[in-house]
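J.: Sharing start14.cif here; it has mmCIF, C-alpha atoms.
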data_query
loop_
_atom_site.label_atom_id
_atom_site.label_comp_id
_atom_site.auth_asym_id
_atom_site.auth_seq_id
_atom_site.Cartn_x
_atom_site.Cartn_y
_atom_site.Cartn_z
CA MET A 274 75.64 155.37 36.84
CA LEU A 275 73.00 154.51 34.31
CA TYR A 276 71.43 151.10 34.11
CA THR A 277 69.82 150.06 30.88
CA ILE A 278 66.99 147.63 30.43
CA PRO A 279 66.69 145.89 27.07
CA PRO A 280 63.46 147.03 25.38
CA MET A 281 62.26 143.47 24.80
CA GLY A 282 62.63 142.66 28.45
CA ILE A 283 60.91 145.64 29.98
CA LEU A 284 57.54 143.97 30.30
CA LYS A 285 58.92 141.14 32.34
CA TYR A 286 60.62 143.56 34.74
CA VAL A 287 57.41 145.52 35.17
CA LEU A 288 55.49 142.29 35.64
CA PHE A 289 57.84 140.89 38.22
CA LEU A 290 58.00 144.17 40.12
CA PHE A 291 54.24 144.22 40.16
CA VAL A 292 53.73 140.71 41.40
CA PHE A 293 56.45 140.82 44.03
CA LEU A 294 55.88 144.30 45.37
CA SER A 295 52.15 144.81 45.17
CA ALA A 296 50.35 145.02 48.49
CA ASP A 297 48.62 142.02 50.01
CA CYS A 298 45.09 143.33 49.51
CA PHE A 299 43.35 140.00 49.77
CA ALA A 300 44.45 137.07 51.83
CA ARG A 301 43.53 134.37 49.32
CA PRO A 302 45.18 131.08 48.60
CA VAL A 303 46.67 129.62 45.51
CA SER A 304 46.66 126.43 47.45
CA TYR A 305 46.15 126.65 51.19
CA PRO A 306 48.96 128.30 53.21
CA GLY A 307 51.78 125.85 53.73
CA GLY A 308 50.48 123.47 51.07
CA TYR A 309 52.49 121.79 48.33
CA THR A 310 51.10 120.89 44.93
CA PHE A 311 52.55 118.66 42.24
CA MET A 312 51.35 119.00 38.66
CA PHE A 313 52.09 117.17 35.46
CA LYS A 314 50.94 118.58 32.13
CA SER A 315 51.31 117.27 28.62
CA ASN A 316 50.13 118.83 25.37
CA SER A 317 51.30 119.34 21.83
CA LEU A 318 53.86 121.97 22.84
CA ARG A 319 55.46 120.59 25.98
CA ASP A 320 55.53 118.12 28.85
CA THR A 321 55.99 119.68 32.26
CA ALA A 322 56.36 118.61 35.87
CA TYR A 323 55.73 121.38 38.37
CA LEU A 324 56.04 121.47 42.15
CA HIS A 325 54.89 124.58 43.96
CA TYR A 326 54.58 125.77 47.51
CA SER A 327 51.91 128.20 48.63
CA SER A 328 53.74 130.51 50.97
CA THR A 329 50.62 132.48 51.76
CA SER A 330 47.02 132.17 50.81
CA ARG A 331 47.51 133.95 47.48
CA ASN A 332 51.09 133.30 46.45
CA ALA A 333 52.76 130.18 45.11
CA VAL A 334 56.38 129.72 44.13
CA GLY A 335 57.71 126.65 42.45
CA VAL A 336 59.98 124.89 40.03
CA GLU A 337 58.79 123.51 36.72
CA ALA A 338 60.79 121.09 34.58
CA VAL A 339 59.91 121.46 30.91
CA SER A 340 60.46 119.15 27.98
CA ASP A 341 59.87 121.51 25.06
CA LYS A 342 58.49 119.75 21.98
CA VAL A 343 58.98 122.80 19.76
CA SER A 344 62.68 123.39 20.44
CA ASN A 345 63.44 119.82 21.55
CA ASP A 346 65.06 121.39 24.57
CA ASP A 347 64.80 120.69 28.30
CA TYR A 348 64.88 123.51 30.82
CA VAL A 349 63.56 124.60 34.19
CA TYR A 350 61.33 127.51 35.12
CA LEU A 351 61.34 129.29 38.44
CA ARG A 352 57.67 130.11 38.68
CA TYR A 353 55.49 132.47 40.62
CA THR A 354 51.69 132.47 40.68
CA ARG A 355 49.56 135.07 42.29
CA LEU A 356 45.86 135.08 42.96
CA LEU A 357 44.97 138.59 41.82
CA PHE A 358 41.29 138.51 42.55
CA ARG A 359 38.68 136.26 44.07
CA LYS A 360 34.98 136.87 44.41
CA ASN A 361 32.97 134.62 46.69
CA HIS A 362 29.24 134.23 46.50
CA GLN A 363 27.04 131.79 48.37
CA LYS A 364 26.83 129.45 45.39
CA SER A 365 29.72 130.51 43.19
CA GLN A 366 33.31 131.65 43.13
CA GLY A 367 35.37 133.61 40.60
CA ASN A 368 39.18 133.78 40.43
CA LEU A 369 41.84 135.58 38.47
CA TYR A 370 45.46 134.41 38.53
CA LEU A 371 48.73 135.76 37.21
CA ASN A 372 51.38 133.24 36.17
CA THR A 373 55.03 134.04 35.53
CA GLY A 374 58.23 132.09 35.14
CA ILE A 375 61.87 132.60 34.25
CA SER A 376 63.94 129.83 32.73
CA ASN A 377 67.34 128.67 33.86
CA ASP A 378 68.43 129.53 30.30
CA GLY A 379 68.39 133.18 31.30
CA PHE A 380 66.24 136.28 31.40
CA ASP A 381 65.49 136.03 27.68
CA ASN A 382 63.52 132.85 28.31
CA TYR A 383 60.40 133.44 30.32
CA PHE A 384 56.64 133.35 30.23
CA TYR A 385 53.74 135.24 31.68
CA GLY A 386 50.03 134.74 31.52
CA ILE A 387 46.69 135.16 33.11
CA GLU A 388 43.99 132.66 33.98
CA GLY A 389 40.48 133.16 35.21
CA ASP A 390 37.54 131.01 36.18
CA TRP A 391 34.04 131.19 37.51
CA GLU A 392 32.31 128.16 38.90
CA THR A 393 29.30 126.93 40.74
CA ARG A 394 28.87 123.35 41.83
CA ARG A 395 27.20 122.66 38.48
CA ILE A 396 28.85 124.99 35.95
CA PHE A 397 32.47 125.84 35.24
CA THR A 398 33.89 128.43 32.87
CA GLY A 399 37.50 129.42 32.48
CA PHE A 400 39.95 131.15 30.21
CA GLY A 401 43.68 131.58 29.95
CA TYR A 402 46.35 133.41 28.03
CA LYS A 403 50.06 132.61 28.10
CA ARG A 404 52.96 134.16 26.25
CA THR A 405 56.23 132.26 26.18
CA GLU A 406 59.29 134.12 24.99
CA THR A 407 62.60 132.46 24.24
CA ASP A 408 65.67 133.47 22.26
CA ARG A 409 64.43 131.20 19.46
CA ILE A 410 60.66 131.60 19.24
CA ASP A 411 57.75 133.35 20.95
CA ILE A 412 54.45 131.56 21.39
CA ASP A 413 51.03 132.88 22.35
CA GLU A 414 48.50 130.43 23.70
CA LYS A 415 44.94 130.99 24.73
CA TYR A 416 42.04 128.85 25.75
CA PHE A 417 38.42 128.98 26.80
CA LEU A 418 36.85 126.23 28.81
CA ALA A 419 33.25 125.56 29.77
CA GLY A 420 31.66 122.57 31.38
CA VAL A 421 29.04 121.04 33.59
CA ALA A 422 29.07 118.56 36.42
CA PRO A 423 26.71 115.72 35.43
CA TYR A 424 26.05 115.02 39.09
CA ILE A 425 26.71 116.92 42.30
CA GLY A 426 28.99 114.84 44.47
CA ASP A 427 29.40 115.20 48.18
CA TYR A 428 32.63 116.19 49.92
CA GLY A 429 35.08 113.34 49.43
CA ASP A 430 33.27 111.77 46.48
CA LEU A 431 34.63 111.38 42.99
CA HIS A 432 33.75 114.62 41.22
CA THR A 433 33.37 114.76 37.45
CA TRP A 434 33.27 117.63 35.00
CA LEU A 435 32.41 117.30 31.32
CA MET A 436 33.86 120.21 29.46
CA VAL A 437 34.58 121.65 26.06
CA LYS A 438 37.86 123.45 25.46
CA PHE A 439 38.76 125.86 22.71
CA LYS A 440 42.49 126.31 22.33
CA GLU A 441 44.82 127.97 19.89
CA ASN A 442 48.49 128.77 19.76
CA SER A 443 50.52 130.96 17.48
CA TYR A 444 53.15 128.29 16.79
CA ALA A 445 50.85 125.74 15.17
CA LYS A 446 48.60 128.51 13.84
CA THR A 447 45.65 126.25 14.50
CA SER A 448 42.69 126.33 16.80
CA SER A 449 40.90 123.33 18.14
CA LEU A 450 37.70 122.58 19.97
CA TYR A 451 37.64 119.34 21.87
CA PRO A 452 36.06 117.52 24.81
CA VAL A 453 37.74 117.46 28.21
CA VAL A 454 36.90 115.38 31.24
CA LYS A 455 38.07 116.44 34.67
CA LEU A 456 37.96 114.04 37.59
CA PHE A 457 38.97 114.71 41.15
CA LYS A 458 38.69 112.99 44.46
CA GLY A 459 40.33 114.06 47.67
CA ASN A 460 43.71 115.56 46.87
CA THR A 461 44.01 114.14 43.37
CA LEU A 462 42.84 115.75 40.14
CA MET A 463 43.02 114.42 36.58
CA GLU A 464 42.06 116.21 33.41
CA PHE A 465 42.10 114.65 29.94
CA GLY A 466 41.33 116.25 26.63
CA TYR A 467 41.82 115.05 23.10
CA SER A 468 41.58 116.58 19.67
CA ASP A 469 42.60 115.26 16.26
CA SER A 470 44.70 118.35 15.58
CA SER A 471 46.54 118.78 18.87
CA ASN A 472 46.22 115.25 20.28
CA TRP A 473 46.24 114.74 24.05
CA ASP A 474 45.95 117.54 26.56
CA ILE A 475 46.61 116.04 30.00
CA HIS A 476 46.76 117.62 33.43
CA LEU A 477 47.39 115.69 36.63
CA MET A 478 47.56 117.30 40.05
CA TYR A 479 48.14 116.19 43.60
CA ARG A 480 47.97 118.40 46.68
CA PHE A 481 49.95 117.54 49.78
CA MET B 436 38.91 108.41 18.24
CA LYS B 437 37.05 111.55 19.21
CA TYR B 438 33.76 109.68 19.56
CA SER B 439 35.37 106.89 21.56
CA PHE B 440 36.76 109.46 23.91
CA LEU B 441 33.39 111.16 24.27
CA ALA B 442 31.78 107.80 25.04
CA LEU B 443 34.43 107.14 27.67
CA ILE B 444 33.75 110.50 29.26
CA PHE B 445 30.08 109.74 29.69
CA ILE B 446 30.64 106.23 30.99
CA VAL B 447 33.08 107.48 33.60
CA SER B 448 30.93 110.44 34.50
CA PHE B 449 27.78 108.59 35.28
CA ASN B 450 29.52 105.92 37.28
CA ASP B 451 29.29 106.29 41.06
CA VAL B 452 26.48 108.79 40.78
CA HIS B 453 25.04 110.30 43.91
CA VAL B 454 22.25 112.76 44.04
CA TYR B 455 22.67 115.36 46.70
CA ALA B 456 21.56 118.91 47.14
CA ASN B 457 18.06 117.88 48.04
CA GLU B 458 16.91 120.88 50.01
CA ASP B 459 14.22 118.79 51.69
CA THR B 460 16.83 116.99 53.78
CA HIS B 461 17.69 120.09 55.74
CA VAL B 462 16.74 120.73 59.32
CA HIS B 463 16.63 123.94 61.28
CA THR B 464 18.57 123.23 64.44
CA GLU B 465 17.37 125.42 67.27
CA MET B 466 19.96 127.51 69.07
CA SER B 467 19.83 128.55 72.71
CA ASP B 468 19.06 132.14 71.74
CA GLY B 469 16.01 131.07 69.74
CA SER B 470 17.67 131.40 66.35
CA SER B 471 18.09 128.47 64.02
CA ILE B 472 20.66 127.20 61.56
CA LYS B 473 19.99 125.32 58.36
CA VAL B 474 21.99 122.13 58.16
CA ASP B 475 21.74 118.75 56.47
CA GLN B 476 19.87 116.59 58.96
CA ALA B 477 21.46 113.22 58.24
CA ARG B 478 24.89 114.74 57.97
CA PHE B 479 24.55 116.66 61.22
CA ILE B 480 23.30 113.60 63.13
CA THR B 481 26.16 111.48 61.80
CA PHE B 482 28.67 114.17 62.61
CA SER B 483 27.49 114.77 66.15
CA GLU B 484 27.34 111.10 67.16
CA GLY B 485 29.54 110.49 70.21
CA LEU B 486 30.34 114.15 70.62
CA LYS B 487 28.43 114.92 73.81
CA GLN B 488 31.46 116.31 75.64
CA SER B 489 32.38 118.83 73.00
CA LYS B 490 31.57 122.15 71.41
CA ILE B 491 30.10 121.85 67.95
CA LEU B 492 30.46 124.79 65.61
CA VAL B 493 28.47 125.29 62.44
CA VAL B 494 30.34 127.75 60.25
CA SER B 495 28.43 129.21 57.31
CA VAL B 496 30.87 129.86 54.48
CA LYS B 497 30.55 131.78 51.23
CA GLY B 498 32.42 130.66 48.10
CA MET B 499 32.86 127.04 49.14
CA VAL B 500 31.80 125.45 45.85
CA CYS B 501 34.65 123.08 45.10
CA ASP B 502 35.68 119.96 47.00
CA PHE B 503 39.28 120.29 45.83
CA CYS B 504 39.45 123.88 47.12
CA ALA B 505 37.75 123.12 50.43
CA ARG B 506 40.44 120.53 51.25
CA GLY B 507 42.58 123.36 52.58
CA ILE B 508 40.00 124.17 55.25
CA GLU B 509 40.08 120.62 56.57
CA LYS B 510 43.88 120.46 56.48
CA THR B 511 44.30 123.82 58.20
CA PHE B 512 41.94 123.08 61.09
CA LYS B 513 43.21 119.55 61.59
CA ARG B 514 46.46 121.08 62.78
CA ASP B 515 44.61 122.31 65.89
CA PRO B 516 44.99 119.75 68.70
CA ASP B 517 41.72 120.94 70.26
CA LEU B 518 39.75 119.94 67.16
CA LEU B 519 38.06 116.56 67.47
CA LYS B 520 36.27 116.33 64.15
CA ILE B 521 35.59 118.37 61.02
CA ASP B 522 33.26 117.92 58.07
CA VAL B 523 32.54 120.04 55.01
CA ASP B 524 29.01 120.30 53.66
CA LEU B 525 29.33 121.76 50.17
CA ASN B 526 25.58 121.65 49.53
CA PHE B 527 24.70 123.94 52.41
CA GLY B 528 27.98 125.86 52.51
CA LYS B 529 28.73 124.77 56.08
CA VAL B 530 31.80 123.58 57.90
CA LEU B 531 30.97 121.44 60.92
CA MET B 532 33.62 121.46 63.62
CA ALA B 533 33.76 119.72 66.97
CA TYR B 534 36.16 121.01 69.59
CA LYS B 535 37.07 119.66 72.99
CA ALA B 536 34.70 120.95 75.64
CA THR B 537 37.62 122.72 77.31
CA ALA B 538 38.76 124.44 74.13
CA LYS B 539 38.63 128.20 73.94
CA ILE B 540 36.82 129.12 70.75
CA ASP B 541 38.22 132.12 68.93
CA GLU B 542 35.71 132.96 66.22
CA ASP B 543 37.93 135.66 64.72
CA SER B 544 40.75 133.15 64.33
CA ILE B 545 38.41 130.63 62.69
CA ALA B 546 37.12 133.27 60.29
CA MET B 547 40.65 134.34 59.44
CA LYS B 548 41.81 130.79 58.72
CA ILE B 549 38.89 130.23 56.36
CA ARG B 550 39.52 133.58 54.70
CA ASP B 551 43.16 132.57 54.24
CA ASN B 552 41.94 129.47 52.47
CA GLY B 553 40.02 131.66 50.05
CA GLN B 554 36.45 131.59 51.35
CA GLU B 555 34.45 133.94 53.54
CA VAL B 556 32.73 133.24 56.82
CA VAL B 557 29.18 134.50 56.99
CA LYS B 558 28.26 133.26 60.45
CA ILE B 559 29.53 130.99 63.22
CA ASP B 560 27.05 129.18 65.45
CA THR B 561 28.18 127.28 68.51
CA LEU B 562 26.29 124.37 70.02
CA GLN B 563 27.49 123.66 73.55
#
Could you render the structure as structure tokens?

T.:
Amino acid sequence: MLYTIPPMGILKYVLFLFVFLSADCFARPVSYPGGYTFMFKSNSLRDTAYLHYSSTSRNAVGVEAVSDKVSNDDYVYLRYTRLLFRKNHQKSQGNLYLNTGISNDGFDNYFYGIEGDWETRRIFTGFGYKRTETDRIDIDEKYFLAGVAPYIGDYGDLHTWLMVKFKENSYAKTSSLYPVVKLFKGNTLMEFGYSDSSNWDIHLMYRF
Amino acid sequence: MKYSFLALIFIVSFNDVHVYANEDTHVHTEMSDGSSIKVDQARFITFSEGLKQSKILVVSVKGMVCDFCARGIEKTFKRDPDLLKIDVDLNFGKVLMAYKATAKIDEDSIAMKIRDNGQEVVKIDTLQ
């Protein structure tokens, strides 16, 4: 018996096979093993609430509720995030993550993307690419982020990052460069960015 | 709006400012084998207060640059009933741990737990 895979969906099958079946080369966390994380994000394309569980040190599975501002639709993603690579140095760390998700609307509604960062206690740089495919529209998003910590806080202090973010997406066909401030203390993180073209870019996170 | 937001960023950022990472505050604590470990003096004294009947470990860790990421280390080790106290020194890349004097210290297990959190152990020193 022959099984057929729709050409448009082949990438997602390859991607999911890769992330679920690849060997556990590095024991690295997404959060810490057994940890839960709640995130809220809001930008010009969507508002999302995401709860994930880090089953091991480099895998996180979760559920993300999405309020899509492009399609005016609400749906839910079953998400999987994998830490692909981490490099530790005495004064710096670099990470590379793979993000995937499939919507409850079916296999034709999914996303995949990659995010990377490199940081010291003073400097942060990051980038990301995300492709969202639905039966109505496909959207590519990418960003670059760079920032500095104006002071070096101790463990448990309020930590602050002043950053600049460059972002563009294929739906709006615009790019924007805007300031972002990231604050975190203990288990709580808040990130706020604003641009005239894409308005607020908000990210809140709490780790349990 | 953009300029107001930028102004807000700077006001928030420079509030509650602490200056750390002063390398002059370190001390080389002498070990029984003649070696020494570089730790923050004030931090180490504060940490070790009232811990005479315990084993203090100084774990040198690579890649521990972010407070938010290091939280997992604290949470993981706090599950151990033999652990009395833990502190993370981001400036010197050290995790200070105090165990009950009767606790059996498994350095491999400690290194593995920190590796599982995403960092790497360089060295573990034990002060009896």

J.: Find, counting only C-alpha atoms, the residue in B:Lys473, B:Lys535, B:Lys513, B:Lys548 that gets nearest to chain A.

T.: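 That would be B:Lys548, the residue with the smallest distance to chain A.
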
J.: Would you kindly report the residues of chain A within 9 Å of chain B, using all atoms listed in the file, as a compact mmCIF listing (two decimals) with C-alpha atoms, keeping the file's coordinate frame?

T.:
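This went into part19.txt:
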# COMPACT_ATOMS: atom_id res chain seq x y z
CA PHE A 299 43.35 140.00 49.77
CA ALA A 300 44.45 137.07 51.83
CA ARG A 301 43.53 134.37 49.32
CA PRO A 302 45.18 131.08 48.60
CA VAL A 303 46.67 129.62 45.51
CA SER A 304 46.66 126.43 47.45
CA TYR A 305 46.15 126.65 51.19
CA PRO A 306 48.96 128.30 53.21
CA GLY A 307 51.78 125.85 53.73
CA GLY A 308 50.48 123.47 51.07
CA THR A 329 50.62 132.48 51.76
CA SER A 330 47.02 132.17 50.81
CA ARG A 331 47.51 133.95 47.48
CA ARG A 359 38.68 136.26 44.07
CA LYS A 360 34.98 136.87 44.41
CA ASN A 361 32.97 134.62 46.69
CA HIS A 362 29.24 134.23 46.50
CA GLN A 363 27.04 131.79 48.37
CA LYS A 364 26.83 129.45 45.39
CA SER A 365 29.72 130.51 43.19
CA GLN A 366 33.31 131.65 43.13
CA GLY A 367 35.37 133.61 40.60
CA GLU A 392 32.31 128.16 38.90
CA THR A 393 29.30 126.93 40.74
CA ARG A 394 28.87 123.35 41.83
CA ALA A 422 29.07 118.56 36.42
CA PRO A 423 26.71 115.72 35.43
CA TYR A 424 26.05 115.02 39.09
CA ILE A 425 26.71 116.92 42.30
CA GLY A 426 28.99 114.84 44.47
CA ASP A 427 29.40 115.20 48.18
CA TYR A 428 32.63 116.19 49.92
CA GLY A 429 35.08 113.34 49.43
CA ASP A 430 33.27 111.77 46.48
CA LEU A 431 34.63 111.38 42.99
CA HIS A 432 33.75 114.62 41.22
CA THR A 433 33.37 114.76 37.45
CA TRP A 434 33.27 117.63 35.00
CA LEU A 435 32.41 117.30 31.32
CA TYR A 451 37.64 119.34 21.87
CA PRO A 452 36.06 117.52 24.81
CA VAL A 453 37.74 117.46 28.21
CA VAL A 454 36.90 115.38 31.24
CA LEU A 456 37.96 114.04 37.59
CA PHE A 457 38.97 114.71 41.15
CA LYS A 458 38.69 112.99 44.46
CA GLY A 459 40.33 114.06 47.67
CA ASN A 460 43.71 115.56 46.87
CA THR A 461 44.01 114.14 43.37
CA LEU A 462 42.84 115.75 40.14
CA GLY A 466 41.33 116.25 26.63
CA TYR A 467 41.82 115.05 23.10
CA SER A 468 41.58 116.58 19.67
CA ASP A 469 42.60 115.26 16.26
CA ARG A 480 47.97 118.40 46.68

J.: I'd like the residues picked by the PyMOL selection byres ((chain B and resi 536) around 10) written out as a PyMOL selection string, using the chain letters and numbers from the file.

T.: chain B and resi 486-491+517-519+533-535+537-540+563

J.: Report the residues retrieved by the PyMOL selection byres ((chain A and resi 324) around 12) from the displayed file, expressed as a PyMOL selection string.

T.: chain A and resi 304+308-314+321-323+325-327+333-339+349-354+477-481

J.: Here's the selection I'm unsure about, the PyMOL selection byres ((chain A and resi 342) around 10); applied to the file above, which residues does it give, as a list in words?

T.: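 This file, filtered by the PyMOL selection byres ((chain A and resi 342) around 10), leaves Asn316, Ser317, Leu318, Arg319, Asp320, Val339, Ser340, Asp341, Val343, Ser344, Asn345, Asp346 and Asp347 of chain A.
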
J.: Any idea what the distance is between CA of Glu542 (chain B) and CA of Ile559 (chain B)?

T.: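 Value for the CA of Glu542 (chain B)-CA of Ile559 (chain B) distance: 7.1 Å.
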
J.: Would you compute the distance between CA of Ile472 (chain B) and CA of Pro516 (chain B)? Give it in Å to one decimal.

T.: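 Spanning CA of Ile472 (chain B) to CA of Pro516 (chain B) is a straight-line distance of 26.4 Å.
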
J.: I'd like to know which of A:Phe400, A:Tyr348, A:Trp391, A:Phe417 is closest to Val437 (chain A), using all atoms listed in the file.

T.: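 Checking each candidate against Val437 (chain A), we get A:Phe417 as the closest.
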
J.: Record the distance separating CA of Tyr370 (chain A) and CA of Gly386 (chain A), expressed in Å with one decimal.

T.: 8.4 Å

J.: Hey, which of A:Thr373, A:Leu356, A:Gly389, A:Met463 ends up closest to Asn332 (chain A)? Count all atoms listed in the file.

T.: A:Leu356
